[in-house]
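Here is the file start_8.txt (compact mmCIF, C-alpha atoms).
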```txt
# COMPACT_ATOMS: atom_id res chain seq x y z
CA MET R 570 -11.02 85.40 94.57
CA GLY R 571 -12.12 82.89 91.92
CA THR R 572 -14.67 80.18 92.54
CA THR R 573 -11.96 77.66 93.44
CA TYR R 574 -8.41 77.66 94.66
CA GLY R 575 -7.25 76.44 91.26
CA ASP R 576 -9.18 79.15 89.42
CA TRP R 577 -7.54 81.85 91.53
CA LEU R 578 -4.08 80.41 91.00
CA LYS R 579 -4.67 80.43 87.25
CA GLU R 580 -5.90 84.04 87.37
CA GLN R 581 -2.78 85.13 89.26
CA ARG R 582 -0.47 83.23 86.92
CA GLU R 583 -2.06 84.73 83.83
CA ALA R 584 -2.07 88.21 85.40
CA ALA R 585 1.68 87.80 85.91
CA GLY R 586 2.07 86.86 82.25
CA LEU R 587 3.43 83.41 83.05
CA THR R 588 2.80 80.09 81.35
CA GLN R 589 2.36 76.99 83.47
CA GLN R 590 5.91 75.96 82.55
CA GLN R 591 7.35 79.33 83.55
CA LEU R 592 5.54 79.27 86.90
CA ALA R 593 6.67 75.70 87.48
CA GLU R 594 10.30 76.69 86.94
CA ALA R 595 10.00 79.71 89.22
CA ALA R 596 8.33 77.69 91.98
CA VAL R 597 10.61 74.64 91.54
CA MET R 598 7.70 72.38 90.59
CA THR R 599 6.60 70.54 87.46
CA ARG R 600 4.22 71.90 84.85
CA THR R 601 1.97 68.87 85.32
CA HIS R 602 1.70 69.58 89.04
CA ILE R 603 0.65 73.18 88.30
CA ALA R 604 -1.92 71.94 85.79
CA HIS R 605 -3.42 69.51 88.33
CA ILE R 606 -3.72 72.24 90.97
CA GLU R 607 -5.37 74.66 88.56
CA ALA R 608 -7.82 71.98 87.42
CA GLY R 609 -8.73 71.17 91.03
CA ARG R 610 -7.39 67.62 90.80
CA ARG R 611 -4.70 68.20 93.40
CA VAL R 612 -4.27 70.17 96.62
CA PRO R 613 -0.78 71.64 96.95
CA SER R 614 1.31 70.93 100.00
CA ARG R 615 2.05 73.85 102.31
CA GLU R 616 5.57 74.03 100.88
CA ASP R 617 4.17 74.09 97.32
CA ALA R 618 1.82 76.92 98.28
CA ARG R 619 4.67 78.88 99.89
CA ARG R 620 6.77 78.62 96.73
CA LEU R 621 3.83 79.61 94.55
CA ASP R 622 3.19 82.68 96.72
CA SER R 623 6.87 83.61 96.40
CA ALA R 624 6.93 83.11 92.62
CA LEU R 625 3.73 85.10 92.05
CA GLY R 626 4.32 87.79 94.68
CA THR R 627 0.98 87.03 96.35
CA GLY R 628 2.22 87.34 99.92
CA ASN R 629 0.87 84.36 101.86
CA VAL R 630 -2.54 84.14 100.20
CA LEU R 631 -2.06 80.74 98.57
CA SER R 632 -0.57 79.38 101.78
CA ARG R 633 -3.24 80.84 104.03
CA PHE R 634 -6.22 79.72 101.97
CA LEU R 635 -5.22 76.14 101.24
CA PRO R 636 -8.42 74.11 100.79
CA GLN R 637 -9.49 72.47 104.04
CA GLU R 638 -11.38 69.26 103.34
CA ASP R 639 -13.86 68.08 105.96
CA ALA R 640 -12.77 64.46 105.78
CA ALA R 641 -13.25 62.20 108.76
CA VAL R 642 -9.92 60.42 109.08
CA ALA R 643 -7.31 60.01 111.78
CA ASP R 644 -4.85 62.91 111.92
CA TYR R 645 -1.90 60.64 111.18
CA PHE R 646 -3.56 59.41 107.95
CA GLU R 647 -4.54 62.78 106.47
CA ALA R 648 -1.34 63.36 104.46
CA ALA R 649 -1.48 59.82 103.08
CA ARG R 650 -5.15 60.27 102.15
CA LEU R 651 -4.38 63.33 100.06
CA LEU R 652 -1.50 61.57 98.32
CA GLU R 653 -3.73 58.56 97.65
CA GLN R 654 -5.95 60.79 95.50
CA GLN R 655 -2.95 61.85 93.40
CA ALA R 656 -1.19 58.52 92.87
CA VAL R 657 -0.92 56.81 89.49
CA MET R 658 -0.04 53.49 91.11
CA ILE R 659 -0.93 52.15 94.57
CA ARG R 660 0.45 48.92 95.97
CA GLU R 661 -1.24 47.75 99.16
CA PHE R 662 -0.28 45.10 101.66
CA ALA R 663 -3.05 44.26 104.12
CA LEU R 664 -2.22 42.34 107.28
CA SER R 665 -5.58 42.27 109.09
CA PHE R 666 -8.25 44.22 107.18
CA VAL R 667 -9.19 44.74 103.54
CA PRO R 668 -7.50 47.96 102.28
CA GLY R 669 -9.74 51.00 102.72
CA ILE R 670 -10.19 51.78 99.02
CA LEU R 671 -11.47 48.22 98.43
CA GLN R 672 -13.93 48.06 101.31
CA THR R 673 -17.68 47.71 100.85
CA GLU R 674 -20.02 49.87 102.91
CA ARG R 675 -21.07 47.05 105.25
CA TYR R 676 -17.50 45.88 105.80
CA ALA R 677 -16.31 49.46 106.45
CA ARG R 678 -19.13 50.02 108.91
CA ALA R 679 -18.25 46.80 110.75
CA VAL R 680 -14.56 47.80 110.98
CA LEU R 681 -15.35 51.31 112.16
CA SER R 682 -17.86 50.03 114.73
CA THR R 683 -15.06 48.33 116.66
CA SER R 684 -13.12 51.51 117.41
CA PHE R 685 -12.14 52.40 120.95
CA PRO R 686 -13.13 54.65 122.52
CA PRO R 687 -16.52 54.07 120.85
CA VAL R 688 -17.91 56.74 118.52
CA GLY R 689 -21.53 57.81 118.10
CA GLU R 690 -23.65 56.79 115.14
CA GLU R 691 -23.34 60.20 113.46
CA GLU R 692 -19.54 60.17 113.69
CA ARG R 693 -19.42 56.59 112.47
CA ASP R 694 -21.53 57.57 109.47
CA ARG R 695 -19.04 60.34 108.66
CA LEU R 696 -16.16 57.88 108.86
CA VAL R 697 -17.93 55.42 106.55
CA VAL R 698 -18.73 58.13 104.01
CA THR R 699 -15.11 59.28 103.96
CA ARG R 700 -13.90 55.71 103.42
CA LEU R 701 -16.33 55.19 100.54
CA GLU R 702 -15.32 58.55 99.04
CA ARG R 703 -11.72 57.33 98.99
CA ALA R 704 -12.82 54.36 96.90
CA LYS R 705 -14.05 56.68 94.14
CA ILE R 706 -10.52 56.78 92.75
CA LEU R 707 -11.45 53.37 91.30
CA ASP R 708 -14.21 54.96 89.18
CA ASP R 709 -11.54 55.85 86.62
CA PRO R 710 -11.06 52.70 84.51
CA VAL R 711 -7.28 53.09 84.32
CA THR R 712 -5.69 55.31 86.96
CA PRO R 713 -4.48 54.56 89.54
CA VAL R 714 -3.16 51.07 88.94
CA VAL R 715 -3.90 49.15 92.15
CA TRP R 716 -2.23 45.98 93.42
CA ALA R 717 -3.58 44.45 96.63
CA LEU R 718 -1.47 41.87 98.46
CA LEU R 719 -3.58 40.29 101.20
CA ASP R 720 -2.33 38.18 104.05
CA GLU R 721 -4.62 35.15 104.28
CA ALA R 722 -5.70 36.39 107.72
CA VAL R 723 -7.65 39.14 105.94
CA LEU R 724 -9.90 36.46 104.46
CA ARG R 725 -10.15 34.19 107.49
CA ARG R 726 -10.90 36.72 110.23
CA VAL R 727 -14.65 37.33 110.16
CA VAL R 728 -15.54 41.03 110.21
CA GLY R 729 -19.22 41.94 110.43
CA GLY R 730 -20.49 38.40 109.95
CA ARG R 731 -20.27 35.80 107.20
CA LYS R 732 -22.62 37.58 104.78
CA VAL R 733 -20.55 40.75 105.04
CA MET R 734 -17.36 38.77 104.42
CA ALA R 735 -18.81 37.00 101.39
CA GLU R 736 -19.96 40.31 99.94
CA GLN R 737 -16.61 41.96 100.60
CA ILE R 738 -14.57 39.16 99.08
CA MET R 739 -16.73 38.98 95.94
CA HIS R 740 -16.40 42.76 95.57
CA MET R 741 -12.64 42.30 95.28
CA VAL R 742 -13.12 39.38 92.88
CA ARG R 743 -15.28 41.51 90.58
CA LEU R 744 -12.74 44.34 90.60
CA ALA R 745 -10.01 41.86 89.71
CA GLU R 746 -12.10 40.20 86.99
CA THR R 747 -12.53 43.54 85.22
CA GLY R 748 -8.79 44.12 85.39
CA ARG R 749 -9.26 47.19 87.58
CA VAL R 750 -7.31 45.73 90.52
CA ARG R 751 -4.81 42.90 90.89
CA VAL R 752 -5.32 40.82 94.03
CA HIS R 753 -2.76 38.37 95.41
CA VAL R 754 -3.07 36.30 98.58
CA MET R 755 -0.16 35.48 100.89
CA PRO R 756 -1.11 32.01 102.21
CA PHE R 757 -0.47 31.00 105.80
CA ASP R 758 1.82 28.16 104.75
CA VAL R 759 4.42 30.64 103.45
CA GLY R 760 5.28 31.28 107.08
CA PHE R 761 7.37 34.36 107.84
CA HIS R 762 7.49 36.99 105.09
CA PRO R 763 9.08 40.46 104.81
CA LEU R 764 5.85 42.42 105.45
CA MET R 765 4.56 40.73 108.60
CA GLU R 766 5.21 43.74 110.84
CA SER R 767 2.39 46.01 109.63
CA MET R 768 0.26 47.08 106.72
CA LEU R 769 2.02 48.98 103.93
CA THR R 770 0.97 51.28 101.12
CA LEU R 771 3.36 52.25 98.32
CA MET R 772 2.33 55.17 96.10
CA ASP R 773 3.86 56.30 92.80
CA PHE R 774 3.13 59.61 91.10
CA GLU R 775 3.41 61.14 87.67
CA ASP R 776 5.51 64.09 88.73
CA GLN R 777 6.93 63.53 92.22
CA PRO R 778 8.98 60.88 94.04
CA PRO R 779 7.26 57.76 95.42
CA VAL R 780 6.24 57.51 99.07
CA ALA R 781 5.40 54.72 101.49
CA TYR R 782 2.88 54.69 104.32
CA GLY R 783 2.88 52.19 107.18
CA GLU R 784 0.24 51.88 109.86
CA GLY R 785 -0.20 50.03 113.12
CA SER R 786 -2.62 50.38 116.04
CA HIS R 787 -3.64 54.07 116.18
CA MET R 788 -0.41 55.20 114.57
CA GLY R 789 0.84 55.72 111.06
CA LYS R 790 3.93 57.11 109.36
CA LEU R 791 4.51 58.52 105.90
CA HIS R 792 7.98 57.82 104.50
CA ASP R 793 9.45 59.94 101.71
CA SER R 794 13.14 59.19 102.27
CA PRO R 795 14.34 57.58 98.99
CA SER R 796 16.40 54.95 100.84
CA VAL R 797 13.49 53.97 103.12
CA VAL R 798 11.04 53.82 100.22
CA ARG R 799 13.42 51.66 98.19
CA THR R 800 13.82 49.27 101.12
CA LEU R 801 10.06 48.95 101.56
CA GLU R 802 9.57 48.50 97.81
CA GLY R 803 12.12 45.68 97.95
CA ARG R 804 10.28 44.00 100.81
CA TYR R 805 7.00 44.28 98.92
CA ALA R 806 8.57 42.70 95.83
CA LEU R 807 9.96 39.81 97.88
CA ALA R 808 6.61 39.20 99.58
CA LEU R 809 4.72 39.40 96.30
CA GLY R 810 7.06 36.77 94.88
CA ASP R 811 5.92 34.35 97.61
CA ALA R 812 2.21 35.11 97.17
CA LEU R 813 -0.25 33.12 95.08
CA PRO R 814 -0.50 34.17 91.41
CA LEU R 815 -3.59 36.14 90.35
CA LYS R 816 -5.51 33.14 89.00
CA GLU R 817 -4.93 31.03 92.11
CA SER R 818 -5.65 33.99 94.39
CA LEU R 819 -9.03 34.61 92.76
CA ALA R 820 -9.88 30.91 93.01
CA LEU R 821 -9.15 31.06 96.75
CA LEU R 822 -11.23 34.22 97.14
CA ARG R 823 -14.21 32.65 95.35
CA ALA R 824 -13.97 29.46 97.39
CA THR R 825 -13.73 31.43 100.64
CA ALA R 826 -16.75 33.58 99.76
CA LYS R 827 -18.73 30.47 98.83
CA ASP R 828 -17.82 28.87 102.15
CA TYR R 829 -19.02 31.93 104.06
CA GLU R 830 -22.32 31.89 102.14
CA HIS R 831 -22.81 28.15 102.61
CA HIS R 832 -22.22 28.21 106.38
CA ASP R 833 -24.11 31.39 107.15
```
Could I get this file's structure written as structure tokens?
Amino acid sequence: MGTTYGDWLKEQREAAGLTQQQLAEAAVMTRTHIAHIEAGRRVPSREDARRLDSALGTGNVLSRFLPQEDAAVADYFEAARLLEQQAVMIREFALSFVPGILQTERYARAVLSTSFPPVGEEERDRLVVTRLERAKILDDPVTPVVWALLDEAVLRRVVGGRKVMAEQIMHMVRLAETGRVRVHVMPFDVGFHPLMESMLTLMDFEDQPPVAYGEGSHMGKLHDSPSVVRTLEGRYALALGDALPLKESLALLRATAKDYEHHD
């Protein structure tokens, strides 16, 4: 087998005399999706792998040898984590904590130190590394587009101490100042808003339908039903309309960070 899953898929496709477009049609996928898998930028779903095996006549090889990443995340988040790496646009709503892909190391460590039952230092280190690895999607200057809608509680609830909060907030400010991320704050005085029930992540892709992911205490659910996703997108749009504009949001973030530094 080739050095990577994608290499082997390409070898089998070429051995069958198929172009990426021809394989995509036979496997009921898009050519772009095939290209991403071959380049190692995307891990196929189990259903994708099954269809590829069928189209190429490779038995169950592609299904059986799907890459298994040693990522330390909750089981219910794993599917969302993989999709997060593939998205071209991510819209986050955070109710209590800064979204994972925007967290600094010290903030992430503080969040993960409060888990119950408690985890050992080695396991906590693995969890922190995984969270920071997720943030590497922001190394690309353009993709994915990221919008972060933060309930004001995210800024007011102290996690890890005032220095950690100041550092975390200014990290988001710097990302926003470079245009890499848009940050909007939902102030307390708005009162009830359509996203108060839980955090929400909306993900859009180049070559597959959008999905939504919601998470509560030790539970999460990935939604791919078009009607459910549309409803959640509508709620996000309504909530965003009530949030502070970018300029005012950044002013609030800077003032909050300064207050944490001043009163440390």
CA of Pro687 in chain R to CA of His740 in chain R, straight-line distance in Å = 27.7 Å
ask   = Given the choices R:Gly575, R:Pro779, R:Gly669, R:Gly760, which gets closest to Glu702 in chain R if the distance is worked out from only C-alpha atoms?
value =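 Looking only at the distances to Glu702 in chain R, the closest residue turns out to be R:Gly669.
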task = Take CA of Ala596 in chain R and CA of Ser796 in chain R and report the distance between them in Å, one decimal.
result =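 These atoms are spaced 25.7 Å apart.
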inquiry  = Between CA of Lys790 in chain R and CA of Leu815 in chain R, what is the distance in Å, rounded to a tenth?
reply    =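 Going from CA of Lys790 in chain R over to CA of Leu815 in chain R, I get 29.3 Å.
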query = So, counting only C-alpha atoms, which residue among R:Ser684, R:Glu580, R:Leu625, R:Leu664 is closest to Thr770 in chain R?
reply = R:Leu664
request  = Write out as a PyMOL selection string which residues come within 10 Å of Gln589 in chain R when counting all atoms listed in the file, dropping same-chain ones fewer than 2 positions away.
outcome  = chain R and resi 579+582-583+586-587+591-595+599-604+607
request  = Might you pull out every residue within 8 Å of range 809-813 of chain R, with only C-alpha atoms counted and same-chain residues fewer than 2 positions away left off, and present them as a ChimeraX atom specification?
outcome  = /R:718,753-756,759,805-807,815,817-818
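The protein and nucleic acid residues lying at most 12 Å from Leu744 in chain R are R:Ile670, R:Leu671, R:Gln672, R:Thr673, R:Ala704, R:Leu707, R:Asp708, R:Pro710, R:Val714, R:Val715, R:Trp716, R:Ala717, R:Gln737, R:Ile738, R:Met739, R:His740, R:Met741, R:Val742, R:Glu746, R:Thr747, R:Gly748, R:Arg749, R:Val750, R:Arg751, R:Val752, R:Leu819, with all atoms listed in the file considered and sequence neighbours fewer than 2 positions away removed.
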Could you turn the residues from that selection into a file that holds C-alpha atoms, as a short mmCIF file (atom, residue, chain, number, x, y, z; two decimals), in the frame of the given file?
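Written output follows (out27.cif):
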```cif
data_model
loop_
_atom_site.label_atom_id
_atom_site.label_comp_id
_atom_site.auth_asym_id
_atom_site.auth_seq_id
_atom_site.Cartn_x
_atom_site.Cartn_y
_atom_site.Cartn_z
CA ILE R 670 -10.19 51.78 99.02
CA LEU R 671 -11.47 48.22 98.43
CA GLN R 672 -13.93 48.06 101.31
CA THR R 673 -17.68 47.71 100.85
CA ALA R 704 -12.82 54.36 96.90
CA LEU R 707 -11.45 53.37 91.30
CA ASP R 708 -14.21 54.96 89.18
CA PRO R 710 -11.06 52.70 84.51
CA VAL R 714 -3.16 51.07 88.94
CA VAL R 715 -3.90 49.15 92.15
CA TRP R 716 -2.23 45.98 93.42
CA ALA R 717 -3.58 44.45 96.63
CA GLN R 737 -16.61 41.96 100.60
CA ILE R 738 -14.57 39.16 99.08
CA MET R 739 -16.73 38.98 95.94
CA HIS R 740 -16.40 42.76 95.57
CA MET R 741 -12.64 42.30 95.28
CA VAL R 742 -13.12 39.38 92.88
CA GLU R 746 -12.10 40.20 86.99
CA THR R 747 -12.53 43.54 85.22
CA GLY R 748 -8.79 44.12 85.39
CA ARG R 749 -9.26 47.19 87.58
CA VAL R 750 -7.31 45.73 90.52
CA ARG R 751 -4.81 42.90 90.89
CA VAL R 752 -5.32 40.82 94.03
CA LEU R 819 -9.03 34.61 92.76
#
```
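Summary of the local environment: counting only C-alpha atoms, residues at most 12 Å from Phe634 in chain R, other than itself and those fewer than 5 positions away along its chain, are R:Met570, R:Thr573, R:Tyr574, R:Gly575, R:Trp577, R:Leu578, R:Val612, R:Pro613, R:Ser614, R:Arg615, R:Ala618, R:Arg619, R:Asp622, R:Thr627, R:Gly628, R:Asn629.
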ask   = Which is closest to Pro795 in chain R among R:Gln777, R:Thr712, R:Thr683, R:Thr825, if we use all atoms listed in the file?
value = R:Gln777
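Neighbouring residues of Leu771 in chain R at 7 Å or closer, counting only C-alpha atoms and skipping chain neighbours under 4 positions away, are Ile659, Arg660, Glu661, Val780, Ala781 and Tyr782 of chain R.
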Those residues with C-alpha atoms, as a compact mmCIF listing (two decimals), keeping the file's coordinate frame please?
```
# COMPACT_ATOMS: atom_id res chain seq x y z
CA ILE R 659 -0.93 52.15 94.57
CA ARG R 660 0.45 48.92 95.97
CA GLU R 661 -1.24 47.75 99.16
CA VAL R 780 6.24 57.51 99.07
CA ALA R 781 5.40 54.72 101.49
CA TYR R 782 2.88 54.69 104.32
```
